[in-house]
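Data from model.txt: compact mmCIF, C-alpha atoms (C1' of nucleotides)
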# COMPACT_ATOMS: atom_id res chain seq x y z
CA MET A 23 0.00 0.00 0.00
CA ALA A 24 2.81 2.39 0.75
CA ARG A 25 6.47 2.79 1.36
CA VAL A 26 7.89 0.61 4.13
CA CYS A 27 10.11 1.68 7.02
CA GLU A 28 13.82 1.32 6.35
CA PHE A 29 15.06 1.18 9.92
CA ASP A 30 15.00 -1.61 12.49
CA PRO A 31 12.67 -0.32 15.23
CA SER A 32 14.40 -2.32 17.95
CA ALA A 33 17.86 -1.05 17.02
CA VAL A 34 16.58 2.51 16.88
CA LEU A 35 14.99 2.21 20.31
CA THR A 36 18.14 0.68 21.73
CA SER A 37 20.21 3.59 20.45
CA ALA A 38 17.75 6.19 21.68
CA MET A 39 17.56 4.41 25.02
CA GLU A 40 21.32 4.54 25.38
CA ALA A 41 21.39 8.24 24.61
CA PHE A 42 18.67 8.94 27.17
CA ARG A 43 20.37 6.78 29.77
CA ARG A 44 23.54 8.73 29.32
CA GLY A 45 22.13 12.24 29.29
CA GLY A 46 18.57 12.19 30.50
CA PHE A 47 15.59 13.51 28.57
CA GLU A 48 16.08 17.25 28.60
CA SER A 49 19.71 17.52 27.62
CA VAL A 50 19.61 15.04 24.76
CA SER A 51 18.65 16.99 21.65
CA ILE A 52 16.89 15.82 18.53
CA ARG A 53 20.16 16.35 16.67
CA THR A 54 21.91 14.02 19.09
CA LEU A 55 19.13 11.51 18.65
CA GLU A 56 19.55 11.76 14.89
CA ASP A 57 23.19 10.79 15.23
CA ALA A 58 22.47 8.09 17.79
CA THR A 59 19.67 6.42 15.87
CA GLY A 60 20.69 7.16 12.29
CA LEU A 61 17.22 8.53 11.66
CA LYS A 62 16.57 12.04 10.41
CA ALA A 63 14.40 14.36 12.45
CA GLY A 64 11.60 14.01 9.92
CA SER A 65 11.48 10.27 10.38
CA ILE A 66 11.62 10.53 14.14
CA TYR A 67 8.61 12.82 14.18
CA ASN A 68 6.84 10.70 11.65
CA SER A 69 7.36 7.54 13.69
CA PHE A 70 7.11 8.72 17.27
CA GLY A 71 5.17 11.97 17.15
CA ASP A 72 7.60 14.03 19.14
CA LYS A 73 10.62 13.82 21.42
CA GLN A 74 8.49 12.70 24.34
CA GLY A 75 7.01 9.96 22.21
CA LEU A 76 10.44 8.62 21.36
CA PHE A 77 11.37 8.80 25.02
CA ARG A 78 8.26 6.91 26.05
CA ALA A 79 9.04 4.20 23.53
CA ALA A 80 12.67 4.04 24.62
CA PHE A 81 11.60 3.83 28.25
CA ALA A 82 9.25 0.95 27.53
CA HIS A 83 12.03 -0.69 25.57
CA TYR A 84 14.29 -0.35 28.58
CA VAL A 85 11.76 -1.89 30.95
CA GLU A 86 11.21 -4.80 28.60
CA HIS A 87 14.69 -5.50 27.31
CA VAL A 88 16.91 -4.37 30.13
CA LEU A 89 15.02 -4.53 33.40
CA ARG A 90 12.87 -7.58 32.66
CA ALA A 91 15.74 -9.30 30.89
CA ARG A 92 18.00 -8.72 33.85
CA ILE A 93 15.42 -10.14 36.21
CA ALA A 94 14.85 -13.15 33.97
CA GLU A 95 18.56 -13.80 33.75
CA HIS A 96 19.55 -13.43 37.38
CA ALA A 97 16.42 -13.76 39.42
CA PRO A 98 13.85 -16.09 37.82
CA PRO A 99 10.97 -17.13 40.11
CA GLU A 100 12.63 -20.32 41.29
CA ALA A 101 15.92 -18.66 42.18
CA GLY A 102 14.64 -17.23 45.46
CA LEU A 103 16.83 -14.96 47.52
CA ALA A 104 19.96 -16.19 45.79
CA GLY A 105 18.52 -14.81 42.58
CA LEU A 106 17.94 -11.42 44.15
CA ARG A 107 21.51 -11.43 45.36
CA ALA A 108 22.75 -12.15 41.86
CA LEU A 109 20.52 -9.38 40.54
CA PHE A 110 22.06 -6.85 42.89
CA ILE A 111 25.59 -7.99 42.21
CA SER A 112 24.97 -7.67 38.48
CA LEU A 113 24.47 -3.92 38.93
CA MET A 114 28.16 -3.60 39.63
CA TYR A 115 29.17 -5.33 36.43
CA GLU A 116 27.46 -3.27 33.79
CA PRO A 117 29.11 -2.97 30.37
CA ASP A 118 30.37 0.58 30.70
CA ASP A 119 31.04 0.63 34.45
CA GLY A 120 27.41 1.51 35.09
CA THR A 121 27.85 5.17 34.29
CA LEU A 122 25.09 4.79 31.72
CA GLY A 123 22.79 4.46 34.65
CA CYS A 124 19.34 3.01 35.03
CA LEU A 125 16.75 4.83 32.96
CA ILE A 126 14.19 4.30 35.71
CA THR A 127 16.29 5.75 38.50
CA ASN A 128 17.49 8.59 36.30
CA SER A 129 13.95 9.42 35.17
CA ALA A 130 12.58 9.26 38.68
CA VAL A 131 15.08 11.92 39.64
CA GLU A 132 14.80 14.04 36.49
CA PHE A 133 11.01 14.18 36.40
CA GLY A 134 10.52 14.17 40.15
CA GLY A 135 10.55 17.95 40.23
CA SER A 136 7.80 18.44 37.69
CA ASP A 137 4.13 18.21 38.49
CA ALA A 138 3.54 15.29 36.17
CA GLN A 139 5.81 12.44 37.15
CA PRO A 140 5.28 9.98 34.28
CA ALA A 141 3.19 6.99 35.34
CA ALA A 142 5.66 4.74 33.55
CA VAL A 143 8.33 5.50 36.12
CA HIS A 144 6.10 4.50 38.97
CA ALA A 145 5.02 1.37 37.13
CA ALA A 146 8.63 0.37 36.56
CA LEU A 147 9.48 0.82 40.22
CA GLU A 148 6.46 -1.33 40.99
CA ILE A 149 7.95 -4.17 38.98
CA LEU A 150 10.93 -4.24 41.32
CA ALA A 151 8.75 -3.81 44.39
CA ASP A 152 6.64 -6.78 43.34
CA LEU A 153 9.68 -8.89 42.64
CA PHE A 154 11.10 -8.24 46.09
CA GLY A 155 7.69 -8.49 47.74
CA GLN A 156 7.21 -12.02 46.45
CA ARG A 157 10.28 -13.25 48.27
CA LEU A 158 10.45 -11.10 51.36
CA PRO A 159 8.17 -9.48 53.93
CA ALA A 160 7.02 -5.93 53.27
CA THR A 161 9.55 -3.89 55.21
CA GLN A 162 12.47 -5.82 53.84
CA SER A 163 11.22 -5.64 50.27
CA VAL A 164 10.93 -1.86 50.57
CA LYS A 165 14.45 -1.78 51.92
CA LEU A 166 15.71 -3.71 48.90
CA LEU A 167 13.92 -1.32 46.57
CA ALA A 168 15.58 1.66 48.22
CA LEU A 169 18.91 -0.12 48.30
CA TYR A 170 18.59 -0.94 44.63
CA GLN A 171 17.97 2.70 43.71
CA GLY A 172 20.70 3.91 46.01
CA ILE A 173 23.24 1.53 44.56
CA LEU A 174 22.45 2.80 41.07
CA VAL A 175 22.93 6.38 42.20
CA LEU A 176 26.27 5.54 43.77
CA VAL A 177 27.48 3.50 40.82
CA ARG A 178 26.62 6.35 38.50
CA ALA A 179 28.49 8.71 40.80
CA GLY A 180 31.55 6.50 40.51
CA TRP A 181 31.49 5.20 44.06
CA ASN A 182 33.85 2.43 45.12
CA LYS A 183 32.36 -0.73 43.65
CA PRO A 184 34.08 -3.40 45.77
CA ALA A 185 32.70 -1.67 48.86
CA LEU A 186 29.21 -1.74 47.38
CA GLU A 187 29.56 -5.37 46.43
CA ALA A 188 30.75 -6.35 49.91
CA MET A 189 27.79 -4.52 51.36
CA VAL A 190 25.38 -6.41 49.11
CA GLN A 191 26.94 -9.74 50.05
CA ALA A 192 26.73 -8.97 53.76
CA GLU A 193 23.15 -7.82 53.44
CA PHE A 194 22.04 -10.99 51.67
CA ASP A 195 24.01 -13.16 54.05
CA GLN A 196 21.97 -11.64 56.82
CA LEU A 197 18.74 -11.92 54.85
CA GLU A 198 19.31 -15.61 54.20
CA GLY A 199 20.34 -16.27 57.77
CA GLU A 200 17.03 -15.08 59.13
CA PRO A 201 13.78 -17.00 59.12
CA ASN A 202 11.93 -15.10 56.38
CA VAL A 203 8.40 -15.69 55.26
CA ALA A 204 6.92 -13.90 52.31
CA MET B 5 35.55 52.75 46.63
CA ALA B 6 32.69 51.55 44.48
CA ARG B 7 29.07 50.66 44.36
CA VAL B 8 27.98 47.99 46.79
CA CYS B 9 25.90 44.86 46.06
CA GLU B 10 22.20 45.34 46.59
CA PHE B 11 21.19 41.73 47.03
CA ASP B 12 21.54 39.40 50.00
CA PRO B 13 23.98 36.71 48.81
CA SER B 14 22.53 34.07 51.08
CA ALA B 15 18.96 34.69 49.92
CA VAL B 16 20.05 34.61 46.30
CA LEU B 17 21.87 31.33 46.78
CA THR B 18 18.90 29.84 48.58
CA SER B 19 16.61 30.76 45.69
CA ALA B 20 19.01 29.46 43.07
CA MET B 21 19.49 26.30 45.09
CA GLU B 22 15.76 25.73 45.19
CA ALA B 23 15.47 26.17 41.45
CA PHE B 24 18.32 23.73 40.82
CA ARG B 25 16.89 21.22 43.27
CA ARG B 26 13.60 21.33 41.45
CA GLY B 27 14.83 21.14 37.89
CA GLY B 28 18.47 20.15 37.85
CA PHE B 29 21.25 22.14 36.22
CA GLU B 30 20.58 21.77 32.54
CA SER B 31 16.90 22.50 32.38
CA VAL B 32 16.94 25.56 34.62
CA SER B 33 17.62 28.54 32.37
CA ILE B 34 19.21 31.84 33.19
CA ARG B 35 15.79 33.46 32.70
CA THR B 36 14.33 31.12 35.30
CA LEU B 37 17.19 31.95 37.61
CA GLU B 38 16.52 35.65 37.09
CA ASP B 39 12.95 35.15 38.26
CA ALA B 40 13.99 32.89 41.12
CA THR B 41 16.73 35.11 42.49
CA GLY B 42 15.45 38.54 41.52
CA LEU B 43 18.81 39.28 39.93
CA LYS B 44 19.21 40.26 36.30
CA ALA B 45 21.37 38.14 34.04
CA GLY B 46 24.05 40.81 34.02
CA SER B 47 24.37 40.74 37.79
CA ILE B 48 24.44 36.97 37.86
CA TYR B 49 27.34 36.89 35.44
CA ASN B 50 29.04 39.72 37.25
CA SER B 51 28.79 37.92 40.58
CA PHE B 52 29.21 34.27 39.67
CA GLY B 53 31.02 34.23 36.34
CA ASP B 54 28.64 31.94 34.54
CA LYS B 55 25.78 29.51 35.08
CA GLN B 56 28.12 26.82 36.34
CA GLY B 57 29.60 29.25 38.83
CA LEU B 58 26.18 30.00 40.25
CA PHE B 59 25.47 26.29 40.41
CA ARG B 60 28.71 25.60 42.21
CA ALA B 61 27.93 28.30 44.75
CA ALA B 62 24.37 27.01 45.18
CA PHE B 63 25.65 23.48 45.62
CA ALA B 64 28.12 24.57 48.32
CA HIS B 65 25.29 26.50 49.93
CA TYR B 66 23.21 23.35 49.95
CA VAL B 67 25.95 21.26 51.54
CA GLU B 68 26.50 23.86 54.22
CA HIS B 69 23.00 25.03 55.00
CA VAL B 70 20.89 22.00 54.22
CA LEU B 71 22.98 18.86 54.54
CA ARG B 72 25.24 19.96 57.39
CA ALA B 73 22.37 21.73 59.11
CA ARG B 74 20.25 18.60 58.92
CA ILE B 75 23.04 16.51 60.37
CA ALA B 76 23.64 19.02 63.16
CA GLU B 77 19.96 19.10 63.99
CA HIS B 78 19.16 15.39 63.96
CA ALA B 79 22.43 13.57 64.28
CA PRO B 80 25.01 15.47 66.35
CA PRO B 81 28.06 13.44 67.39
CA GLU B 82 26.64 12.45 70.76
CA ALA B 83 23.32 11.25 69.35
CA GLY B 84 24.73 7.95 68.12
CA LEU B 85 22.55 5.58 66.14
CA ALA B 86 19.39 7.23 67.40
CA GLY B 87 20.57 10.38 65.70
CA LEU B 88 21.07 8.60 62.41
CA ARG B 89 17.59 7.19 62.72
CA ALA B 90 16.18 10.67 63.23
CA LEU B 91 18.19 11.87 60.23
CA PHE B 92 16.66 9.24 57.99
CA ILE B 93 13.17 9.82 59.27
CA SER B 94 13.54 13.54 58.63
CA LEU B 95 13.86 12.81 54.91
CA MET B 96 10.21 11.89 54.85
CA TYR B 97 9.11 15.18 56.36
CA GLU B 98 10.54 17.72 54.00
CA PRO B 99 8.65 21.01 53.53
CA ASP B 100 7.25 20.29 50.08
CA ASP B 101 6.81 16.53 50.37
CA GLY B 102 10.42 16.03 49.35
CA THR B 103 9.76 16.47 45.66
CA LEU B 104 12.38 19.21 45.67
CA GLY B 105 14.86 16.43 46.11
CA CYS B 106 18.39 16.37 47.40
CA LEU B 107 20.77 18.42 45.29
CA ILE B 108 23.51 15.88 45.89
CA THR B 109 21.51 12.86 44.78
CA ASN B 110 20.05 14.75 41.85
CA SER B 111 23.45 16.00 40.74
CA ALA B 112 25.05 12.58 41.09
CA VAL B 113 22.46 11.28 38.66
CA GLU B 114 22.46 14.25 36.29
CA PHE B 115 26.23 14.52 35.95
CA GLY B 116 26.93 10.83 36.22
CA GLY B 117 26.69 10.45 32.46
CA SER B 118 29.27 13.08 31.62
CA ASP B 119 32.98 12.54 31.74
CA ALA B 120 33.55 15.11 34.40
CA GLN B 121 31.51 14.24 37.45
CA PRO B 122 32.01 17.32 39.64
CA ALA B 123 34.31 16.62 42.59
CA ALA B 124 31.86 18.46 44.82
CA VAL B 125 29.31 15.69 44.40
CA HIS B 126 31.75 13.05 45.52
CA ALA B 127 32.87 15.21 48.42
CA ALA B 128 29.30 15.67 49.56
CA LEU B 129 28.65 11.93 49.46
CA GLU B 130 31.79 11.51 51.49
CA ILE B 131 30.35 13.67 54.25
CA LEU B 132 27.53 11.18 54.67
CA ALA B 133 29.85 8.21 54.35
CA ASP B 134 32.04 9.60 57.11
CA LEU B 135 29.07 10.33 59.32
CA PHE B 136 27.85 6.75 59.03
CA GLY B 137 31.34 5.33 59.22
CA GLN B 138 31.93 6.93 62.59
CA ARG B 139 29.04 5.04 64.13
CA LEU B 140 28.93 1.78 62.24
CA PRO B 141 31.26 -0.79 60.72
CA ALA B 142 32.18 -0.36 57.07
CA THR B 143 29.67 -2.61 55.33
CA GLN B 144 26.79 -1.23 57.31
CA SER B 145 27.81 2.36 56.79
CA VAL B 146 27.93 1.77 53.03
CA LYS B 147 24.50 0.24 53.25
CA LEU B 148 23.17 3.33 55.00
CA LEU B 149 24.70 5.55 52.34
CA ALA B 150 22.97 3.58 49.59
CA LEU B 151 19.76 3.47 51.57
CA TYR B 152 19.91 7.22 52.06
CA GLN B 153 20.30 7.85 48.34
CA GLY B 154 17.63 5.33 47.47
CA ILE B 155 15.14 6.83 49.87
CA LEU B 156 15.67 10.23 48.28
CA VAL B 157 15.06 8.79 44.83
CA LEU B 158 11.87 7.11 45.98
CA VAL B 159 10.60 10.15 47.85
CA ARG B 160 11.19 12.29 44.77
CA ALA B 161 9.32 9.70 42.71
CA GLY B 162 6.36 10.01 45.06
CA TRP B 163 6.70 6.58 46.66
CA ASN B 164 4.55 5.64 49.62
CA LYS B 165 6.12 7.44 52.57
CA PRO B 166 4.67 5.45 55.47
CA ALA B 167 6.13 2.31 53.94
CA LEU B 168 9.52 3.97 53.68
CA GLU B 169 9.30 5.21 57.24
CA ALA B 170 8.37 1.76 58.55
CA MET B 171 11.32 0.33 56.67
CA VAL B 172 13.69 2.85 58.24
CA GLN B 173 12.37 2.11 61.72
CA ALA B 174 12.74 -1.64 61.23
CA GLU B 175 16.23 -1.22 59.86
CA PHE B 176 17.39 0.85 62.81
CA ASP B 177 15.68 -1.45 65.27
CA GLN B 178 17.79 -4.22 63.86
CA LEU B 179 20.92 -2.07 63.81
CA GLU B 180 20.51 -1.14 67.47
CA GLY B 181 19.74 -4.69 68.46
CA GLU B 182 23.06 -5.97 67.19
CA PRO B 183 26.40 -5.60 68.89
CA ASN B 184 28.01 -2.98 66.68
CA VAL B 185 31.49 -1.68 66.98
CA ALA B 186 32.76 1.18 64.87
C1' DG C 2 2.32 1.21 -15.53
C1' DT C 3 -0.63 3.97 -12.75
C1' DT C 4 -1.75 5.80 -8.47
C1' DA C 5 -2.67 6.36 -3.62
C1' DT C 6 -0.08 6.06 0.27
C1' DT C 7 3.65 6.17 3.25
C1' DC C 8 8.43 7.03 4.31
C1' DT C 9 12.75 9.96 3.89
C1' DA C 10 15.56 14.11 3.23
C1' DG C 11 16.63 18.67 3.92
C1' DA C 12 15.69 23.18 4.60
C1' DA C 13 13.46 26.38 7.34
C1' DC C 14 10.95 28.53 11.44
C1' DA C 15 10.02 30.59 15.73
C1' DT C 16 11.62 30.36 20.14
C1' DC C 17 14.84 29.71 23.68
C1' DT C 18 19.65 29.13 25.16
C1' DG C 19 23.96 31.02 27.62
C1' DC C 20 26.33 34.99 27.46
C1' DT C 21 28.15 39.84 26.44
C1' DA C 22 28.50 44.87 25.59
C1' DA C 23 27.19 49.48 26.55
C1' DA C 24 25.01 52.78 29.16
C1' DG C 25 23.30 54.42 33.57
C1' DA C 26 23.37 54.54 38.79
C1' DA C 27 25.40 54.23 43.23
C1' DT C 28 29.27 54.27 46.20
C1' DG C 29 33.44 55.93 48.91
C1' DA C 30 38.31 57.84 48.74
C1' DG C 31 40.69 62.20 47.86
C1' DC D 30 32.54 68.01 44.78
C1' DT D 31 35.40 64.75 41.70
C1' DC D 32 36.18 60.73 40.03
C1' DA D 33 37.53 56.05 39.64
C1' DT D 34 35.31 51.90 40.60
C1' DT D 35 31.81 48.64 40.84
C1' DC D 36 27.13 47.31 40.52
C1' DT D 37 22.61 47.19 37.75
C1' DT D 38 19.97 47.40 33.67
C1' DT D 39 18.70 46.80 29.02
C1' DA D 40 19.22 45.24 24.59
C1' DG D 41 21.00 42.12 21.79
C1' DC D 42 23.96 38.42 19.69
C1' DA D 43 25.15 33.87 17.79
C1' DG D 44 23.97 29.43 18.22
C1' DA D 45 20.97 25.58 19.71
C1' DT D 46 16.31 23.93 20.53
C1' DG D 47 11.87 21.28 19.23
C1' DT D 48 9.08 21.09 15.44
C1' DT D 49 7.03 21.55 10.79
C1' DC D 50 6.79 21.89 5.77
C1' DT D 51 7.81 20.61 1.21
C1' DA D 52 9.80 17.99 -2.20
C1' DG D 53 11.29 13.55 -3.50
C1' DA D 54 11.63 8.38 -3.23
C1' DA D 55 9.85 3.87 -2.44
C1' DT D 56 6.15 0.69 -2.02
C1' DA D 57 2.00 -2.33 -3.18
C1' DA D 58 -2.71 -2.83 -4.78
C1' DC D 59 -5.07 -2.33 -9.12
Go through the file and emit its structure as structure tokens.
Amino acid sequence: MARVCEFDPSAVLTSAMEAFRRGGFESVSIRTLEDATGLKAGSIYNSFGDKQGLFRAAFAHYVEHVLRARIAEHAPPEAGLAGLRALFISLMYEPDDGTLGCLITNSAVEFGGSDAQPAAVHAALEILADLFGQRLPATQSVKLLALYQGILVLVRAGWNKPALEAMVQAEFDQLEGEPNVA
Amino acid sequence: MARVCEFDPSAVLTSAMEAFRRGGFESVSIRTLEDATGLKAGSIYNSFGDKQGLFRAAFAHYVEHVLRARIAEHAPPEAGLAGLRALFISLMYEPDDGTLGCLITNSAVEFGGSDAQPAAVHAALEILADLFGQRLPATQSVKLLALYQGILVLVRAGWNKPALEAMVQAEFDQLEGEPNVA
DNA sequence: GTTATTCTAGAACATCTGCTAAAGAATGAG
DNA sequence: CTCATTCTTTAGCAGATGTTCTAGAATAAC
């Protein structure tokens, strides 16, 4: 019926996602996104409506292909607390030293000041909260959620990673030593 | 010898600080800072050199008058672990529901993607690390640092505060129940 | 091959960005 | 008062910003 798209949507979203992870929403320009994705501005607007639309798509892509993939890899349902431990440890071994940052954490901070915190951010945090809540009592699952976010902040800030890793190990040692009922 | 400044430096820095806490560095424009501080662009550049200079000054102002003041109020040296508990709880009772956010946490995230993470951010994190380190063993003090950052992310994201508060109470109950040696 | 439809390319727009230059206003030393 | 010095104000610049418009290219049903 008409001309077909030339680009690979998944590759484009991955590139845009990376750019947004690195610089946040505001300070990544359409020109930068052109370079990152290989698309021209016209095509971006044709495919995603506007910059926010591309961000929304990239955010969803992140939740699906980074967050959910990480959970599936390290902490599948049957892996229990050991899986959660592996999940936390994996945060210290990100490809580029973790300075890319987590798009969820970064967005929570960047949009936290505006009136309209995107619902997607809250929903993404809820995924982690649910994951922890299935394997630990309420207070401890909230603690893990906060710890998770805090670790990502510190990793992005370049904090000493061995110290963070030792802390995670000690924390899970304690968690596994206790009688815990979800 | 010459004309004297008309503005109150501390008030100006407080206003600028608030603007930066709300929106970060990048997305707060000089025009916004003019409105926030009451100064005209010319005066800002005359007094602080450039936008980064104003930010640096506002950041130092935050460390001195918000972070250090909060520590002095809730967790003076003699207050021990109970003081740290009060410090953490205070994060949930910020004037504007905490959506302003912590300038340190926000900056760690915003500048984490660039090559040059400002040294001031690391130094500010170190203040907290030292505070915790004086009252707890290493692994637990790192945990508190991460928890602190994570709580600020979650508060800024609008997360359920009573749940966070309960988590903090439980965590410190456990911390005080153990035999801890710094 | 025609044609309706969709994608791409590139230029262009209005607005906003950080920043500066020039002129006017206030100060205190002499 | 005089005058050098410093602050404040205003206007404006050059470049970047998100977005749109138009022309051209590719597709697939007919």
Requested in this report: Return the neighbours of chain C among the residues of chain B, cut-off 7 Å, counting only C-alpha atoms (C1' of nucleotides), as a count of residues only.
Outcome: 4
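For chain A, the residues no farther than 6 Å from chain B when using all atoms listed in the file are Arg44, Gly45, Thr121, Leu122, Ala130, Gly134, Gly135, Thr161, Ala168, Leu169, Gln171, Gly172, Ile173, Arg178, Ala179 and Met189 of chain A.
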Query raised in the report: For chain B, which residues have at least one atom within 12 Å of chain D, if we go by only C-alpha atoms (C1' of nucleotides)? Write them as an NGL selection string, please.
Result: :B and (5-11 or 31 or 42-51)
Find the axis-aligned box for stretch 3-10 of chain C, covering all its listed atoms and adding 8 Å on each side, and write its centre and edge lengths in Å to one decimal as JSON.
{"center_x": 6.4, "center_y": 9.0, "center_z": -4.2, "size_x": 34.2, "size_y": 26.1, "size_z": 33.1}
Report summary line: Expressed in Å, the length from atom CA of B:Ser19 to atom CA of B:Ala124 is 19.6 Å
Requested in this report: Enter the distance from atom CA of B:Ser94 to atom CA of B:Arg74, in Å, rounded to one decimal.
Outcome: 8.4 Å
Query - Length of the atom CA of A:Glu40 to atom CA of A:His87 vector [Å] - result: 12.2 Å
